[in-house]
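A quick write-up on the structure given underneath.
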Amino acid sequence: MRSDSDLLELSHTLRGSLGVFLTVLTPSPSHSSSRGLGVRSWWRCAECELHNRVVCSASDRPRGTLSMRRLVALAAAAAALRPARLPLMPFGADEVLVPGQSRYLHLYEARFLALFEYCKSDADNDCVLGFFAGDDALLRCATRARVDAWERLDVGIGVTVRGVARCAIANVEQAQDRPFLVAELGALEDAADGDDAAAAAAVEELADEVDALAAKHDIETTRQNELAVDPRALLEDGAKKAPGRTTGLRDRAAALARDARDGDSDEGELFSFLALEGAPADVKLKMLASTSRGERLAAARAELERQRAELAAKASLKSLNLSWGDD
């Protein structure tokens, strides 16, 4: 639950969003002399209510007015209904990042540096990863991402972004006086398709088996290294390798869900996407657009079974001191 100071700060942030709700109130110069409530007096009244809690008691509050907490809740709901606008970071369709996954980027072009600064100053560290099929075909399904860490480099900035939710791109336009695109986003939510607990349990068991098999035979897999380095990054030779995962699939989804903001993927959705680690880009992209959690879990199970079979084959070759190709 938000504290009073958080609510007050949120109320000021949402000041521009409250206009639609203020129309239900009859403008008046003062809340103590009328049944209505004007904009100026409402803000004075709201701040008093938060700080003193006795200025606007139930008997004193004009009929037809709303409490501070109710107005803030309504304004937040209105903000959630309106499409979000976030700067768009372009990616190829073969570079899909799904919710829960992280990626390191080396930003050095002026447009991406400007986008990064905008993310920090105007977008609460969020951006949208838009996936292009070819040069001009922007796919509608996308991933909303958040800057988890960054550092200034000799050339540009090193940034780690993490997918926090999937979304639908409704419109794209050039940011005013800025060298990057801004996307208007809509929701992309799962349909209610029944209880998927059994399917999730089977996927979790398979994921643990794949991880254990890879560790036992000391075989590196794409599944173990999803903190990927973007191919456009200019890393120096000998750069430190990203650490492997040390927790299970369920624990990782739960940990990410604990830090989620409103509108981010919940634990079940994160689990279904994280289970796709190591899958080909076309599978991830198809599941990003899917509104069926059951379908994603089924795809994850098929992919994990493929990885298990591949690991078993590599382990057999390794025991015979033979190597394998990339295919």
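Identifiers for the structure tokens are assigned positionally: chains receive A, B, ... in sequence, residues are indexed from 1 per chain, and ligands are indexed from 1 in the order shown.
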List as JSON lines every residue of segment 136-157 of chain A that is in contact with segment 106-113 of chain A, defined as an atom at most 8 Å from one of its atoms (using only C-alpha atoms), together with the nearest atom pair and the distance in Å rounded to one decimal, sorted by chain and then rising number.
```
{"residue": "A:Val155", "atom": "CA", "partner": "A:Tyr108", "partner_atom": "CA", "distance": 6.3}
{"residue": "A:Gly156", "atom": "CA", "partner": "A:Tyr108", "partner_atom": "CA", "distance": 4.2}
{"residue": "A:Ile157", "atom": "CA", "partner": "A:Leu107", "partner_atom": "CA", "distance": 5.2}
```
A:Thr247, A:Ser102, A:Thr291, A:Asn125 ranked by distance to Ala207 of chain A, top pick (using only C-alpha atoms): A:Thr247
Proximity to Asp218 of chain A - best of A:Gly186, A:Ala315, A:Phe180, A:Phe116, only C-alpha atoms: A:Ala315
DSSP on the backbone, alpha helix (DSSP H) only: what residues of segment 90-281 of chain A does that give? Format it as a PyMOL selection string. chain A and resi 110-122+197-217+249-258+267-274+281
Excluding Ala183 of chain A and its own-chain neighbours fewer than 4 positions away, which residues fall within 10 Å of it when counting only C-alpha atoms? Please give them as a list of chain:residue names.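 In the requested format, the answer is A:Pro83, A:Ala84, A:Arg85, A:Leu86, A:Pro87, A:Leu88, A:Met89, A:Cys127, A:Val128, A:Leu129, A:Gly130, A:Ala168, A:Ile169, A:Ala170, A:Asn171, A:Val172, A:Glu173, A:Gln174, A:Ala175.
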With all heavy atoms retained, could you export that selection as a short mmCIF file (atom, residue, chain, number, x, y, z; two decimals), in the first residue's frame?
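Saved file part27.cif follows:
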```
data_model
loop_
_atom_site.label_atom_id
_atom_site.label_comp_id
_atom_site.auth_asym_id
_atom_site.auth_seq_id
_atom_site.Cartn_x
_atom_site.Cartn_y
_atom_site.Cartn_z
N PRO A 83 -3.45 4.79 -23.91
CA PRO A 83 -2.26 4.14 -24.45
C PRO A 83 -0.99 4.80 -23.92
O PRO A 83 -0.91 6.02 -23.80
CB PRO A 83 -2.39 4.35 -25.96
CG PRO A 83 -3.84 4.63 -26.19
CD PRO A 83 -4.31 5.34 -24.96
N ALA A 84 -0.01 3.99 -23.56
CA ALA A 84 1.27 4.53 -23.12
C ALA A 84 2.09 4.94 -24.33
O ALA A 84 1.91 4.43 -25.43
CB ALA A 84 2.01 3.46 -22.31
N ARG A 85 2.98 5.89 -24.14
CA ARG A 85 3.88 6.33 -25.20
C ARG A 85 5.30 6.18 -24.68
O ARG A 85 5.66 6.76 -23.66
CB ARG A 85 3.58 7.79 -25.57
CG ARG A 85 2.27 7.98 -26.31
CD ARG A 85 1.94 9.45 -26.45
NE ARG A 85 3.01 10.20 -27.10
CZ ARG A 85 3.16 10.29 -28.42
NH1 ARG A 85 2.32 9.67 -29.22
NH2 ARG A 85 4.15 11.01 -28.95
N LEU A 86 6.09 5.39 -25.39
CA LEU A 86 7.46 5.13 -24.97
C LEU A 86 8.39 5.20 -26.18
O LEU A 86 7.98 4.92 -27.30
CB LEU A 86 7.57 3.74 -24.33
CG LEU A 86 6.95 3.55 -22.95
CD1 LEU A 86 7.05 2.09 -22.53
CD2 LEU A 86 7.61 4.44 -21.90
N PRO A 87 9.64 5.58 -25.94
CA PRO A 87 10.62 5.57 -27.05
C PRO A 87 10.84 4.16 -27.55
O PRO A 87 10.81 3.20 -26.78
CB PRO A 87 11.88 6.15 -26.39
CG PRO A 87 11.72 5.88 -24.93
CD PRO A 87 10.25 5.99 -24.67
N LEU A 88 11.03 4.04 -28.86
CA LEU A 88 11.13 2.73 -29.48
C LEU A 88 12.58 2.42 -29.85
O LEU A 88 13.24 3.18 -30.55
CB LEU A 88 10.25 2.68 -30.73
CG LEU A 88 10.14 1.33 -31.43
CD1 LEU A 88 8.73 1.13 -31.98
CD2 LEU A 88 11.16 1.20 -32.57
N MET A 89 13.05 1.29 -29.33
CA MET A 89 14.38 0.78 -29.67
C MET A 89 14.21 -0.31 -30.72
O MET A 89 13.58 -1.34 -30.46
CB MET A 89 15.06 0.21 -28.43
CG MET A 89 16.39 -0.47 -28.70
SD MET A 89 17.76 0.67 -28.99
CE MET A 89 18.06 1.26 -27.32
N CYS A 127 11.36 1.61 -22.05
CA CYS A 127 11.29 1.83 -23.49
C CYS A 127 10.56 0.63 -24.08
O CYS A 127 10.21 -0.31 -23.36
CB CYS A 127 12.69 1.98 -24.11
SG CYS A 127 13.72 0.49 -23.98
N VAL A 128 10.30 0.67 -25.37
CA VAL A 128 9.68 -0.48 -26.02
C VAL A 128 10.65 -1.02 -27.06
O VAL A 128 11.26 -0.26 -27.81
CB VAL A 128 8.32 -0.10 -26.65
CG1 VAL A 128 8.46 0.99 -27.68
CG2 VAL A 128 7.67 -1.33 -27.30
N LEU A 129 10.81 -2.33 -27.07
CA LEU A 129 11.65 -3.00 -28.06
C LEU A 129 10.75 -3.40 -29.22
O LEU A 129 9.89 -4.28 -29.08
CB LEU A 129 12.33 -4.22 -27.46
CG LEU A 129 13.10 -4.01 -26.14
CD1 LEU A 129 13.79 -5.31 -25.72
CD2 LEU A 129 14.09 -2.88 -26.26
N GLY A 130 10.94 -2.74 -30.36
CA GLY A 130 10.14 -3.04 -31.53
C GLY A 130 10.91 -3.95 -32.48
O GLY A 130 12.08 -3.71 -32.76
N ALA A 168 1.30 -4.24 -27.38
CA ALA A 168 0.96 -4.11 -28.78
C ALA A 168 1.23 -2.69 -29.24
O ALA A 168 0.88 -1.73 -28.54
CB ALA A 168 -0.51 -4.46 -29.01
N ILE A 169 1.90 -2.53 -30.36
CA ILE A 169 2.19 -1.20 -30.89
C ILE A 169 1.00 -0.74 -31.72
O ILE A 169 0.62 -1.37 -32.70
CB ILE A 169 3.46 -1.22 -31.74
CG1 ILE A 169 4.68 -1.57 -30.87
CG2 ILE A 169 3.67 0.11 -32.44
CD1 ILE A 169 5.98 -1.66 -31.63
N ALA A 170 0.39 0.37 -31.27
CA ALA A 170 -0.78 0.90 -31.97
C ALA A 170 -0.40 1.93 -33.02
O ALA A 170 -1.06 2.06 -34.05
CB ALA A 170 -1.75 1.53 -30.95
N ASN A 171 0.67 2.67 -32.76
CA ASN A 171 1.08 3.72 -33.68
C ASN A 171 2.52 4.09 -33.40
O ASN A 171 3.01 3.92 -32.28
CB ASN A 171 0.17 4.95 -33.52
CG ASN A 171 0.41 5.98 -34.60
OD1 ASN A 171 0.66 5.64 -35.75
ND2 ASN A 171 0.38 7.26 -34.23
N VAL A 172 3.21 4.60 -34.41
CA VAL A 172 4.60 5.04 -34.26
C VAL A 172 4.75 6.39 -34.94
O VAL A 172 4.21 6.61 -36.02
CB VAL A 172 5.59 4.02 -34.89
CG1 VAL A 172 7.01 4.54 -34.81
CG2 VAL A 172 5.49 2.68 -34.20
N GLU A 173 5.46 7.29 -34.29
CA GLU A 173 5.71 8.60 -34.88
C GLU A 173 7.09 9.10 -34.47
O GLU A 173 7.67 8.61 -33.49
CB GLU A 173 4.64 9.60 -34.44
CG GLU A 173 4.57 9.83 -32.95
CD GLU A 173 3.41 10.73 -32.55
OE1 GLU A 173 2.36 10.67 -33.21
OE2 GLU A 173 3.57 11.47 -31.56
N GLN A 174 7.60 10.04 -35.20
CA GLN A 174 8.89 10.64 -34.88
C GLN A 174 8.74 11.53 -33.65
O GLN A 174 7.82 12.34 -33.57
CB GLN A 174 9.39 11.48 -36.05
CG GLN A 174 10.79 12.06 -35.86
CD GLN A 174 11.87 10.99 -35.90
OE1 GLN A 174 11.81 10.09 -36.73
NE2 GLN A 174 12.84 11.09 -35.02
N ALA A 175 9.62 11.34 -32.68
CA ALA A 175 9.58 12.19 -31.49
C ALA A 175 9.90 13.63 -31.89
O ALA A 175 10.79 13.88 -32.70
CB ALA A 175 10.58 11.70 -30.45
#
```
Nearest candidate to Asp195 of chain A (options A:Ala212, A:Ala93, A:Leu297, A:Ala253; using only C-alpha atoms):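 The shortest atom-to-atom distance to Asp195 of chain A comes from A:Leu297.
Here atom CA of Ala142 of chain A stands at a distance of 26.0 Å from atom CA of Gly248 of chain A.
Here the question is which of A:Gly158, A:Gly163, A:Gly263, A:Gly278 gets nearest to Ala187 of chain A using only C-alpha atoms, and that residue is A:Gly263.
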Write out as number ranges by chain all residues of segment 116-276 of chain A that backbone DSSP assigns to strand (DSSP E or B). A: 126-133, 137-152, 157-174, 181-186, 228-229
Neighbour list for Ala197 of chain A as a ChimeraX atom specification, cut-off 10 Å, only C-alpha atoms, skip fewer than 6 positions in-chain: /A:203,268,294
Residues as selected, C-alpha atoms, written as a compact mmCIF listing (two decimals), in the first residue's frame, can you do that?
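Just written: out_30.txt:
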```
# COMPACT_ATOMS: atom_id res chain seq x y z
CA VAL A 203 7.83 -27.49 -17.73
CA GLY A 268 2.78 -16.92 -14.16
CA GLY A 294 -1.21 -22.79 -22.19
```
If you count only C-alpha atoms, the residue of A:Gly194, A:Leu206, A:Arg103, A:Asp126 closest to Val182 of chain A turns out to be A:Asp126
Atom CA of Ala298 of chain A and atom CA of Glu209 of chain A are how many Å apart?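 Atom CA of Glu209 of chain A lies at a distance of 16.7 Å from atom CA of Ala298 of chain A.
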Identify which of the residues A:Asp208, A:Arg261, A:Leu285, A:Arg293 lies closest to Ala133 of chain A, counting only C-alpha atoms when measuring atom-to-atom distances. A:Leu285
